[in-house]
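See below for final_0.tsv, which holds TSV, C-alpha atoms and all ligand atoms.
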```tsv
chain	number	residue	atom	x	y	z
B	1	MET	CA	99.61	136.90	-26.34
B	2	GLU	CA	98.45	133.88	-28.28
B	3	GLU	CA	97.99	134.54	-31.97
B	4	THR	CA	97.75	132.53	-35.17
B	5	ILE	CA	100.96	132.11	-37.12
B	6	ALA	CA	100.71	130.81	-40.69
B	7	VAL	CA	103.77	129.06	-42.10
B	8	LEU	CA	103.99	128.68	-45.88
B	9	GLY	CA	106.28	125.73	-46.66
B	10	GLY	CA	106.44	122.22	-45.25
B	11	GLY	CA	110.18	121.65	-45.60
B	12	ALA	CA	112.78	121.45	-42.84
B	13	TRP	CA	112.80	125.13	-41.94
B	14	GLY	CA	109.05	125.73	-42.24
B	15	THR	CA	108.39	122.78	-39.94
B	16	ALA	CA	111.07	123.87	-37.44
B	17	LEU	CA	109.70	127.42	-37.32
B	18	ALA	CA	106.19	126.02	-36.82
B	19	VAL	CA	107.49	124.01	-33.85
B	20	SER	CA	109.21	127.09	-32.40
B	21	ALA	CA	106.05	129.20	-32.78
B	22	LEU	CA	104.07	126.50	-31.04
B	23	ARG	CA	106.57	126.51	-28.18
B	24	GLY	CA	106.21	130.30	-28.10
B	25	GLY	CA	102.56	129.75	-27.16
B	26	HIS	CA	100.89	130.43	-30.51
B	27	ARG	CA	98.37	128.60	-32.66
B	28	VAL	CA	100.19	127.38	-35.77
B	29	LYS	CA	98.93	126.55	-39.23
B	30	LEU	CA	101.27	125.24	-41.91
B	31	TRP	CA	100.78	125.04	-45.66
B	32	ALA	CA	102.49	122.30	-47.68
B	33	ARG	CA	101.68	121.98	-51.36
B	34	ASP	CA	101.80	118.20	-51.01
B	35	ARG	CA	98.70	116.89	-49.23
B	36	ALA	CA	100.41	113.67	-48.08
B	37	LEU	CA	103.10	115.74	-46.35
B	38	ALA	CA	100.49	117.99	-44.71
B	39	ASP	CA	98.68	114.89	-43.41
B	40	GLU	CA	101.91	113.38	-42.12
B	41	ILE	CA	102.74	116.57	-40.18
B	42	SER	CA	99.22	117.00	-38.73
B	43	GLN	CA	98.37	113.40	-38.03
B	44	HIS	CA	101.62	111.49	-37.54
B	45	ARG	CA	103.65	114.42	-36.18
B	46	THR	CA	106.68	113.70	-38.32
B	47	ASN	CA	108.22	115.12	-41.48
B	48	ARG	CA	110.52	112.27	-42.40
B	49	ARG	CA	111.49	113.52	-45.82
B	50	TYR	CA	112.77	116.88	-44.61
B	51	LEU	CA	113.40	116.47	-40.87
B	52	GLY	CA	114.20	112.80	-40.42
B	53	GLU	CA	113.27	111.25	-37.10
B	54	VAL	CA	112.41	114.47	-35.23
B	55	ARG	CA	109.11	114.00	-33.35
B	56	LEU	CA	106.91	117.11	-33.71
B	57	PRO	CA	104.81	118.43	-30.84
B	58	GLU	CA	101.04	118.18	-31.07
B	59	GLY	CA	99.15	121.13	-32.50
B	60	ILE	CA	100.50	122.03	-35.97
B	61	ALA	CA	97.44	122.29	-38.22
B	62	ALA	CA	98.91	121.45	-41.62
B	63	SER	CA	96.93	121.68	-44.85
B	64	ASP	CA	97.44	121.89	-48.60
B	65	SER	CA	95.00	124.82	-48.79
B	66	LEU	CA	96.53	128.30	-48.80
B	67	ALA	CA	93.16	129.91	-48.05
B	68	GLU	CA	92.63	127.71	-44.99
B	69	THR	CA	96.18	128.30	-43.74
B	70	LEU	CA	96.02	132.07	-44.12
B	71	ARG	CA	92.58	132.53	-42.55
B	72	ASP	CA	92.84	134.46	-39.22
B	73	ALA	CA	96.65	134.61	-39.42
B	74	SER	CA	98.27	137.54	-37.62
B	75	ILE	CA	101.80	136.78	-38.88
B	76	VAL	CA	102.71	134.88	-42.07
B	77	LEU	CA	106.10	133.17	-42.38
B	78	SER	CA	107.18	132.51	-45.98
B	79	VAL	CA	109.50	129.49	-45.87
B	80	VAL	CA	109.72	128.07	-49.38
B	81	PRO	CA	113.06	128.22	-51.25
B	82	ALA	CA	114.09	131.64	-52.57
B	83	GLN	CA	113.57	130.66	-56.22
B	84	ALA	CA	109.99	129.53	-55.46
B	85	THR	CA	109.01	132.47	-53.25
B	86	ARG	CA	107.66	134.71	-56.03
B	87	SER	CA	105.27	132.09	-57.37
B	88	VAL	CA	104.08	130.96	-53.93
B	89	LEU	CA	103.43	134.54	-52.77
B	90	ALA	CA	101.59	135.27	-56.02
B	91	GLU	CA	99.40	132.22	-55.41
B	92	ALA	CA	98.81	133.29	-51.81
B	93	ALA	CA	98.19	136.99	-52.58
B	94	GLY	CA	94.41	136.70	-52.94
B	95	ASP	CA	94.07	135.05	-49.51
B	96	MET	CA	96.58	137.21	-47.65
B	97	PRO	CA	94.83	138.91	-44.72
B	98	ASP	CA	94.95	142.75	-44.96
B	99	GLY	CA	97.81	144.46	-43.15
B	100	VAL	CA	99.26	141.23	-41.75
B	101	PRO	CA	103.08	141.16	-41.94
B	102	VAL	CA	104.87	138.55	-44.03
B	103	VAL	CA	108.23	137.42	-42.64
B	104	LEU	CA	110.53	136.11	-45.37
B	105	CYS	CA	112.66	133.22	-44.15
B	106	ALA	CA	114.33	132.01	-47.37
B	107	LYS	CA	118.02	132.76	-47.90
B	108	GLY	CA	118.84	133.52	-51.50
B	109	ILE	CA	118.86	135.92	-54.45
B	110	GLU	CA	116.38	135.45	-57.29
B	111	GLN	CA	118.37	134.09	-60.23
B	112	LYS	CA	116.30	135.68	-62.98
B	113	THR	CA	116.23	139.19	-61.56
B	114	GLY	CA	119.05	139.58	-59.02
B	115	LYS	CA	116.49	140.64	-56.42
B	116	LEU	CA	116.62	139.84	-52.74
B	117	VAL	CA	113.57	138.01	-51.43
B	118	SER	CA	112.02	141.14	-49.88
B	119	GLN	CA	112.44	143.00	-53.19
B	120	LEU	CA	110.59	140.34	-55.18
B	121	ALA	CA	107.97	140.06	-52.42
B	122	ALA	CA	107.37	143.82	-52.56
B	123	GLU	CA	106.45	143.41	-56.24
B	124	THR	CA	104.09	140.53	-55.53
B	125	LEU	CA	102.54	141.92	-52.32
B	126	PRO	CA	102.85	145.71	-52.70
B	127	ASP	CA	100.59	146.55	-49.74
B	128	THR	CA	101.94	144.00	-47.27
B	129	PRO	CA	104.36	144.92	-44.46
B	130	LEU	CA	107.50	142.85	-45.06
B	131	ALA	CA	110.24	141.53	-42.80
B	132	ALA	CA	112.99	138.91	-43.00
B	133	LEU	CA	114.26	136.41	-40.45
B	134	SER	CA	117.80	135.08	-40.71
B	135	GLY	CA	120.69	133.87	-38.58
B	136	PRO	CA	122.52	130.72	-37.48
B	137	SER	CA	119.79	128.14	-37.14
B	138	PHE	CA	119.81	124.57	-38.39
B	139	ALA	CA	116.22	123.40	-38.74
B	140	ALA	CA	116.94	120.15	-36.90
B	141	ASP	CA	118.43	122.06	-33.93
B	142	VAL	CA	115.47	124.44	-33.72
B	143	ALA	CA	112.92	121.63	-34.08
B	144	ARG	CA	114.63	119.77	-31.21
B	145	GLY	CA	114.43	122.85	-29.00
B	146	LEU	CA	118.18	123.54	-28.96
B	147	PRO	CA	118.83	127.24	-28.33
B	148	THR	CA	119.85	129.80	-30.95
B	149	ALA	CA	119.50	133.49	-31.83
B	150	VAL	CA	118.42	135.08	-35.12
B	151	THR	CA	117.65	138.56	-36.43
B	152	VAL	CA	114.29	139.87	-37.60
B	153	ALA	CA	114.63	142.79	-40.00
B	154	SER	CA	112.20	145.25	-41.49
B	155	GLU	CA	112.67	148.74	-42.93
B	156	ASP	CA	110.15	149.70	-40.24
B	157	GLY	CA	112.30	149.23	-37.12
B	158	ASP	CA	109.25	149.24	-34.80
B	159	LEU	CA	107.67	146.42	-36.79
B	160	ALA	CA	110.95	144.46	-36.67
B	161	HIS	CA	111.08	144.85	-32.88
B	162	ASP	CA	107.41	143.90	-32.49
B	163	LEU	CA	107.86	140.79	-34.66
B	164	ALA	CA	111.06	139.84	-32.81
B	165	GLU	CA	109.08	139.85	-29.56
B	166	ARG	CA	106.21	137.88	-31.04
B	167	LEU	CA	108.43	135.26	-32.71
B	168	SER	CA	110.81	134.74	-29.81
B	169	ALA	CA	110.34	131.47	-27.95
B	170	PRO	CA	112.09	129.81	-25.02
B	171	ALA	CA	114.95	128.49	-27.19
B	172	PHE	CA	114.61	130.94	-30.07
B	173	ARG	CA	115.86	134.45	-29.30
B	174	CYS	CA	115.06	137.05	-31.96
B	175	TYR	CA	116.98	140.33	-32.22
B	176	SER	CA	115.72	143.13	-34.45
B	177	THR	CA	117.10	145.65	-36.94
B	178	ASP	CA	115.84	148.04	-39.61
B	179	ASP	CA	118.59	146.89	-42.03
B	180	LEU	CA	116.46	144.56	-44.13
B	181	ILE	CA	118.89	144.38	-47.03
B	182	GLY	CA	121.89	143.69	-44.80
B	183	VAL	CA	120.14	140.79	-43.10
B	184	GLU	CA	118.98	139.28	-46.38
B	185	ALA	CA	122.35	139.73	-48.09
B	186	GLY	CA	124.13	138.02	-45.17
B	187	GLY	CA	121.81	135.01	-45.31
B	188	ALA	CA	122.01	134.66	-49.09
B	189	LEU	CA	125.76	135.08	-49.52
B	190	LYS	CA	126.90	132.83	-46.68
B	191	ASN	CA	125.37	129.90	-48.57
B	192	VAL	CA	127.67	130.49	-51.55
B	193	LEU	CA	130.71	130.71	-49.28
B	194	ALA	CA	129.69	127.55	-47.41
B	195	ILE	CA	129.89	125.69	-50.74
B	196	ALA	CA	133.43	127.03	-51.25
B	197	VAL	CA	134.55	126.10	-47.74
B	198	GLY	CA	132.87	122.70	-48.00
B	199	ALA	CA	134.71	122.09	-51.27
B	200	ALA	CA	138.05	122.83	-49.61
B	201	ALA	CA	137.15	120.44	-46.78
B	202	GLY	CA	136.08	117.75	-49.26
B	203	ALA	CA	139.38	118.13	-51.11
B	204	GLU	CA	141.20	117.75	-47.75
B	205	LEU	CA	143.00	121.07	-48.01
B	206	GLY	CA	143.28	121.36	-44.23
B	207	ALA	CA	141.97	123.50	-41.38
B	208	SER	CA	144.24	126.45	-42.22
B	209	ALA	CA	142.76	126.72	-45.72
B	210	ARG	CA	139.29	126.57	-44.21
B	211	ALA	CA	139.99	129.48	-41.83
B	212	ALA	CA	141.59	131.55	-44.59
B	213	LEU	CA	138.64	130.95	-46.93
B	214	VAL	CA	136.07	131.85	-44.26
B	215	THR	CA	137.92	135.06	-43.44
B	216	ARG	CA	138.50	136.20	-47.01
B	217	GLY	CA	135.02	135.00	-47.98
B	218	PHE	CA	133.61	137.14	-45.21
B	219	VAL	CA	135.34	140.19	-46.74
B	220	GLU	CA	133.54	139.41	-50.04
B	221	LEU	CA	130.22	138.95	-48.23
B	222	ARG	CA	130.55	142.38	-46.62
B	223	ARG	CA	131.74	144.10	-49.80
B	224	LEU	CA	128.82	142.80	-51.82
B	225	GLY	CA	126.31	143.18	-48.96
B	226	VAL	CA	127.24	146.85	-48.65
B	227	ALA	CA	127.08	147.36	-52.43
B	228	LEU	CA	123.56	145.92	-52.39
B	229	GLY	CA	122.56	148.49	-49.76
B	230	GLY	CA	123.22	146.72	-46.43
B	231	HIS	CA	125.26	148.11	-43.52
B	232	ALA	CA	128.70	146.64	-42.84
B	233	ASP	CA	127.84	146.39	-39.11
B	234	THR	CA	124.78	144.24	-39.75
B	235	LEU	CA	126.98	141.77	-41.62
B	236	MET	CA	129.15	141.43	-38.50
B	237	GLY	CA	126.05	140.08	-36.76
B	238	LEU	CA	123.97	136.93	-36.63
B	239	SER	CA	122.91	137.04	-40.28
B	240	GLY	CA	126.39	137.38	-41.73
B	241	LEU	CA	129.29	136.36	-39.56
B	242	GLY	CA	127.11	134.21	-37.27
B	243	ASP	CA	125.53	132.19	-40.04
B	244	LEU	CA	128.82	131.98	-41.96
B	245	ILE	CA	130.53	130.43	-38.93
B	246	LEU	CA	127.72	127.90	-38.57
B	247	THR	CA	127.41	126.84	-42.17
B	248	CYS	CA	131.14	126.74	-42.83
B	249	SER	CA	131.82	124.46	-39.90
B	250	SER	CA	129.36	121.63	-40.09
B	251	GLU	CA	128.35	118.78	-42.36
B	252	LYS	CA	124.84	119.49	-41.08
B	253	SER	CA	124.84	122.39	-43.56
B	254	ARG	CA	123.45	121.32	-46.92
B	255	ASN	CA	125.53	123.98	-48.67
B	256	PHE	CA	128.72	122.84	-46.97
B	257	THR	CA	127.85	119.22	-47.80
B	258	TYR	CA	127.19	120.14	-51.43
B	259	GLY	CA	130.64	121.73	-51.67
B	260	ALA	CA	132.30	118.85	-49.81
B	261	THR	CA	130.75	116.40	-52.27
B	262	LEU	CA	132.17	118.35	-55.22
B	263	GLY	CA	135.49	118.65	-53.40
B	264	ARG	CA	135.69	114.87	-53.10
B	265	GLY	CA	135.07	114.66	-56.84
B	266	GLN	CA	131.64	113.06	-56.38
B	267	SER	CA	128.32	113.89	-58.02
B	268	PRO	CA	125.95	116.12	-56.03
B	269	GLU	CA	122.91	114.47	-57.59
B	270	GLY	CA	120.24	113.63	-55.05
B	271	LEU	CA	121.56	115.97	-52.35
B	272	LYS	CA	119.11	118.16	-50.40
B	273	LEU	CA	118.35	121.79	-51.26
B	274	ALA	CA	121.50	123.95	-51.30
B	275	GLU	CA	120.37	127.54	-51.89
B	276	GLY	CA	123.92	128.69	-52.64
B	277	VAL	CA	123.88	126.74	-55.91
B	278	ALA	CA	121.12	128.97	-57.30
B	279	THR	CA	122.54	132.15	-55.75
B	280	ALA	CA	126.23	131.79	-56.71
B	281	ASN	CA	125.96	132.85	-60.33
B	282	ILE	CA	123.72	135.85	-59.76
B	283	ALA	CA	125.87	136.94	-56.79
B	284	ALA	CA	128.92	136.92	-59.08
B	285	GLU	CA	126.96	138.87	-61.72
B	286	LEU	CA	125.88	141.46	-59.14
B	287	ALA	CA	129.50	141.79	-57.98
B	288	ASP	CA	130.48	142.45	-61.60
B	289	ARG	CA	127.70	145.00	-61.97
B	290	TYR	CA	128.91	146.87	-58.86
B	291	ASP	CA	132.57	146.41	-59.79
B	292	ILE	CA	133.30	144.47	-56.60
B	293	ASP	CA	136.18	142.02	-56.34
B	294	THR	CA	134.83	138.60	-55.27
B	295	PRO	CA	137.43	135.96	-56.25
B	296	ILE	CA	136.08	133.24	-53.91
B	297	ILE	CA	132.50	133.67	-55.10
B	298	ASP	CA	133.75	133.62	-58.71
B	299	ALA	CA	135.75	130.44	-58.02
B	300	THR	CA	132.63	128.86	-56.52
B	301	VAL	CA	130.70	129.59	-59.71
B	302	SER	CA	133.49	128.04	-61.74
B	303	LEU	CA	133.44	124.93	-59.53
B	304	LEU	CA	129.64	124.62	-59.76
B	305	GLU	CA	129.81	124.93	-63.52
B	306	GLY	CA	132.41	122.18	-63.64
B	307	GLU	CA	135.00	124.42	-65.30
B	308	HIS	CA	137.82	123.71	-62.82
B	309	SER	CA	138.65	121.39	-59.92
B	310	VAL	CA	138.99	122.65	-56.35
B	311	ARG	CA	142.77	122.28	-56.49
B	312	GLU	CA	143.01	124.30	-59.73
B	313	LEU	CA	140.81	127.03	-58.30
B	314	VAL	CA	142.78	127.23	-55.07
B	315	ALA	CA	146.03	127.40	-57.07
B	316	SER	CA	144.69	130.36	-59.03
B	317	LEU	CA	143.46	132.08	-55.84
B	318	MET	CA	146.95	131.62	-54.35
B	319	ALA	CA	148.59	133.09	-57.47
B	320	ARG	CA	146.72	136.38	-57.25
B	321	PRO	CA	149.02	139.42	-56.90
B	322	VAL	CA	150.14	140.15	-53.33
B	323	LYS	CA	148.31	143.16	-51.88
B	324	PRO	CA	147.58	144.84	-48.54
B	325	GLU	CA	145.05	142.98	-46.39
B	326	ASP	CA	141.81	144.96	-46.85
B	327	HIS	CA	138.91	144.20	-44.52
B	328	ILE	CA	136.01	145.24	-46.71
T	1	LIG	N1	116.89	124.02	-43.21
T	1	LIG	C1	117.48	124.97	-42.50
T	1	LIG	O1	118.22	124.66	-41.54
T	1	LIG	C2	117.26	126.42	-42.80
T	1	LIG	C3	116.75	126.83	-44.02
T	1	LIG	N2	116.59	128.15	-44.30
T	1	LIG	C4	116.08	128.60	-45.57
T	1	LIG	O2	114.70	128.29	-45.68
T	1	LIG	C5	114.34	128.08	-47.05
T	1	LIG	C6	113.60	126.76	-47.17
T	1	LIG	O3	114.53	125.76	-46.77
T	1	LIG	P1	114.11	124.36	-46.20
T	1	LIG	O4	112.76	124.36	-45.58
T	1	LIG	O5	115.22	123.92	-45.34
T	1	LIG	O6	114.11	123.51	-47.53
T	1	LIG	P2	113.50	122.05	-47.78
T	1	LIG	O7	114.11	121.55	-49.02
T	1	LIG	O8	113.62	121.26	-46.54
T	1	LIG	O9	111.96	122.35	-48.01
T	1	LIG	C7	111.49	123.19	-49.02
T	1	LIG	C8	109.98	123.11	-49.02
T	1	LIG	O10	109.48	124.01	-50.00
T	1	LIG	C9	108.62	123.29	-50.87
T	1	LIG	N3	108.69	123.87	-52.20
T	1	LIG	C10	109.72	123.86	-53.07
T	1	LIG	N4	109.36	124.49	-54.19
T	1	LIG	C11	108.09	124.88	-54.02
T	1	LIG	C12	107.17	125.55	-54.84
T	1	LIG	N5	107.48	125.96	-56.06
T	1	LIG	N6	105.94	125.78	-54.35
T	1	LIG	C13	105.61	125.37	-53.13
T	1	LIG	N7	106.43	124.72	-52.30
T	1	LIG	C14	107.66	124.48	-52.75
T	1	LIG	C15	109.12	121.85	-50.84
T	1	LIG	O11	108.12	120.97	-51.26
T	1	LIG	C16	109.47	121.72	-49.37
T	1	LIG	O12	108.32	121.44	-48.63
T	1	LIG	C17	115.66	128.11	-47.84
T	1	LIG	O13	115.79	129.37	-48.44
T	1	LIG	C18	116.72	127.92	-46.77
T	1	LIG	O14	117.94	128.55	-47.10
T	1	LIG	C19	116.90	129.10	-43.38
T	1	LIG	C20	117.39	128.75	-42.14
T	1	LIG	C21	117.61	127.38	-41.76
T	2	LIG	O1	120.81	128.51	-43.13
T	2	LIG	C1	121.08	127.55	-42.47
T	2	LIG	C2	121.54	127.64	-41.08
T	2	LIG	O2	121.44	128.93	-40.58
T	2	LIG	C3	120.99	126.19	-43.05
T	2	LIG	O3	122.09	125.99	-43.84
T	2	LIG	P1	122.03	124.98	-45.07
T	2	LIG	O4	120.91	125.46	-45.95
T	2	LIG	O5	123.37	125.04	-45.68
T	2	LIG	O6	121.71	123.64	-44.48
```

Hey, can you dump this file as structure tokens for me?
Ligand SMILES: NC(=O)C1=CN([C@@H]2O[C@H](COP(=O)(O)OP(=O)(O)OC[C@H]3O[C@@H](n4cnc5c(N)ncnc54)[C@H](O)[C@@H]3O)[C@@H](O)[C@H]2O)C=CC1
Ligand SMILES: O=C(CO)COP(=O)(O)O
Amino acid sequence: MEETIAVLGGGAWGTALAVSALRGGHRVKLWARDRALADEISQHRTNRRYLGEVRLPEGIAASDSLAETLRDASIVLSVVPAQATRSVLAEAAGDMPDGVPVVLCAKGIEQKTGKLVSQLAAETLPDTPLAALSGPSFAADVARGLPTAVTVASEDGDLAHDLAERLSAPAFRCYSTDDLIGVEAGGALKNVLAIAVGAAAGAELGASARAALVTRGFVELRRLGVALGGHADTLMGLSGLGDLILTCSSEKSRNFTYGATLGRGQSPEGLKLAEGVATANIAAELADRYDIDTPIIDATVSLLEGEHSVRELVASLMARPVKPEDHI
């Protein structure tokens, strides 16, 4: 059934999801706060700043007006960075159509509050049905029509299933779950670990170190994800293991690239958005609060704060007391 999907955010992921929705047979409106960007997307069918040379299909109605974008929408996708989501949803609240679900697509934890994106959205939009979409999906791949699979989560499992059907497209397969927290935790924490793994790659520590870091990092992701209220099984899925594999294995990941830049001893100034930078510190604080052991996340914070080099941090990880291999 054709419906109107409103996308809030004109960056790489917002534009790619708009393209996917269009391919799924829907009308698509997109809000970008920058009018020049909205015009470029609507009229020139490119988004050079965020998506490079990808040519967009015809039909994305982009605007810098939230009211215009949200009018007649039957699904709203929120695709601004995690740290900006609260303010954008607050600005949009007055124009949000009644009862229409908002699908949260950012991957992060709010620095100031330690809240997952759905938790901060519930404060801003208390009467709105909420869901999250997460999984292994580089914007450039999705915009080009390369296939992938993601998970749509809502505490209301029927809503999650319904949204997964409505958001699926020929090259975009959506699964569903009622484990909203698990899906959000997986998406947020893999970004922090991708910085760590990127740093090891940048410092040329070898493929064995990379595999060991991904595996032990995944244990930390599951420990903390479960402490936050997610299910361990969910974190074995697309938004957890799946996204961790993707982002820890490719320079196409901005988080991996951020870490690799630090690992090479270079300045990360001018790099694209890396959500893990904003999430690392609060993730480590949450781990402390729940008394969870997260040495790789802690080392990532130390690296980001410039306290130690990659080699020093790896040496201290290697010097930890020998213990049985726990899996969560
Ligand atoms: N790029 C990707 O491959 C994927 C990204 N994501 C997630 O989607 C979220 C957005 O990422 P991208 O679109 O890739 O980032 P981006 O950096 O390409 O674009 C971010 C967009 O948000 C806008 N923005 C930033 N602050 C804003 C504010 N305060 N108010 C209004 N607009 C604001 C920017 O102007 C830009 O249009 C992130 O949480 C990211 O982790 C999820 C899956 C894939
Ligand atoms: O979340 C992503 C892929 O699933 C995108 O990863 P980066 O934000 O590291 O580019």

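Note that atom N3 of ligand LIG 1 (chain T) and atom CA of Asp34 of chain B are 9.0 Å apart.
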
Go through the chains and note each residue within 7 Å of ligand LIG 1 (chain T), using all atoms listed in the file, then give the set as number ranges by chain. B: 9-14, 32-34, 50, 79-82, 84, 87-88, 105-108, 134, 137-140, 272-273, 275

Show me which residues sit within 9 Å of ligand LIG 2 (chain T) when counting only C-alpha atoms and all ligand atoms, and put them as a PyMOL selection string. chain B and resi 13+106-107+134-139+150+187-188+190-191+194-195+239+242-244+246-248+250-258+272-276

Give me the residues near Val192 of chain B as an MDAnalysis selection string, where near means some atom within 7 Å (using all atoms listed in the file) and where sequence neighbours in that chain fewer than 5 positions away do not count. chainID B and resid 276:277 279:280 297

Box for segment 293-305 of chain B: with edges along x, y and z, all listed atoms inside and 6 Å added on each side, what are the centre and edge lengths in Å to one decimal, as lines of an AutoDock Vina configuration file?
```
center_x = 133.5
center_y = 133.3
center_z = -58.7
size_x = 19.8
size_y = 29.4
size_z = 21.6
```

Pairwise distance, atom CA of Glu2 of chain B with atom CA of Ala67 of chain B, equals 20.8 Å

Which one is closest to Leu303 of chain B: B:Thr128, B:Thr215, B:Asn281, B:Ser154? Count all atoms listed in the file.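 Comparing B:Thr128, B:Thr215, B:Asn281, B:Ser154 against Leu303 of chain B, the winner is B:Asn281.
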
Which residues are close to Ser63 of chain B, i.e. within 9 Å by only C-alpha atoms, leaving aside same-chain residues fewer than 4 positions away? Reply as a list in words. Lys29, Leu30, Trp31, Ala32, Arg33, Asp34, Arg35, Leu37, Ala38, Asp39, Ser42, Glu68 and Thr69 of chain B

As an exercise, work out the distance from atom CA of Gly240 of chain B to atom CA of Arg216 of chain B in Å and give it to one decimal place. 13.3 Å

Within 12 Å of (128.0, 149.3, -40.1) (file coordinates; all atoms listed in the file), which protein or nucleic acid residues are there? I'd like them as JSON, numbers by chain. {"B": [177, 179, 182, 183, 222, 223, 225, 226, 229, 230, 231, 232, 233, 234, 235, 236, 237, 328]}

So which one's closest to Asp72 of chain B, B:Leu189, B:Val100, B:Ala90, B:Ile181? Using all atoms listed in the file, please.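 For Asp72 of chain B, the nearest of the candidates is B:Val100.
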
Between B:Ala122, B:Val214, B:Val117, B:Leu228, which residue has the minimum interatomic distance to Ala93 of chain B, considering all atoms listed in the file?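 For Ala93 of chain B, the nearest of the given residues is B:Ala122.
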
Mind checking which residues fall within 8 Å of Cys174 of chain B, counting all atoms listed in the file, ignoring those fewer than 4 positions away in the same chain, and posting them as a PyMOL selection string? chain B and resi 149-152+164-165+167-168

Write the residues you've just listed into a file as an mmCIF file, in the frame of the given file, and include C-alpha atoms for each of them.
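Everything below was put into result-v9.cif:
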```
data_model
loop_
_atom_site.group_PDB
_atom_site.id
_atom_site.type_symbol
_atom_site.label_atom_id
_atom_site.label_comp_id
_atom_site.auth_asym_id
_atom_site.auth_seq_id
_atom_site.Cartn_x
_atom_site.Cartn_y
_atom_site.Cartn_z
ATOM 1 C CA ALA B 149 119.500 133.490 -31.830
ATOM 2 C CA VAL B 150 118.420 135.080 -35.120
ATOM 3 C CA THR B 151 117.650 138.560 -36.430
ATOM 4 C CA VAL B 152 114.290 139.870 -37.600
ATOM 5 C CA ALA B 164 111.060 139.840 -32.810
ATOM 6 C CA GLU B 165 109.080 139.850 -29.560
ATOM 7 C CA LEU B 167 108.430 135.260 -32.710
ATOM 8 C CA SER B 168 110.810 134.740 -29.810
#
```

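In terms of minimum interatomic distance to Leu133 of chain B, B:Leu180 ranks closest within B:Leu159, B:Leu180, B:Ile109, B:Ala73, counting all atoms listed in the file.
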
From the list B:Glu307, B:Asp298, B:Asp178, B:Glu204, which residue is nearest Gly263 of chain B when using all atoms listed in the file? B:Glu204

Residue nearest Arg45 of chain B among B:Ala131, B:Leu224, B:Ala169, B:Ala143 (counting only C-alpha atoms):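 Checking each of B:Ala131, B:Leu224, B:Ala169, B:Ala143 against Arg45 of chain B, counting only C-alpha atoms, the winner is B:Ala143.
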
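Using only C-alpha atoms, the contacts of Pro126 of chain B at a cut-off of 12 Å, with sequence neighbours closer than 2 positions omitted, comprise B:Leu89, B:Ala90, B:Ala93, B:Met96, B:Asp98, B:Gly99, B:Pro101, B:Val102, B:Ser118, B:Gln119, B:Leu120, B:Ala121, B:Ala122, B:Glu123, B:Thr124, B:Thr128, B:Pro129, B:Leu130.
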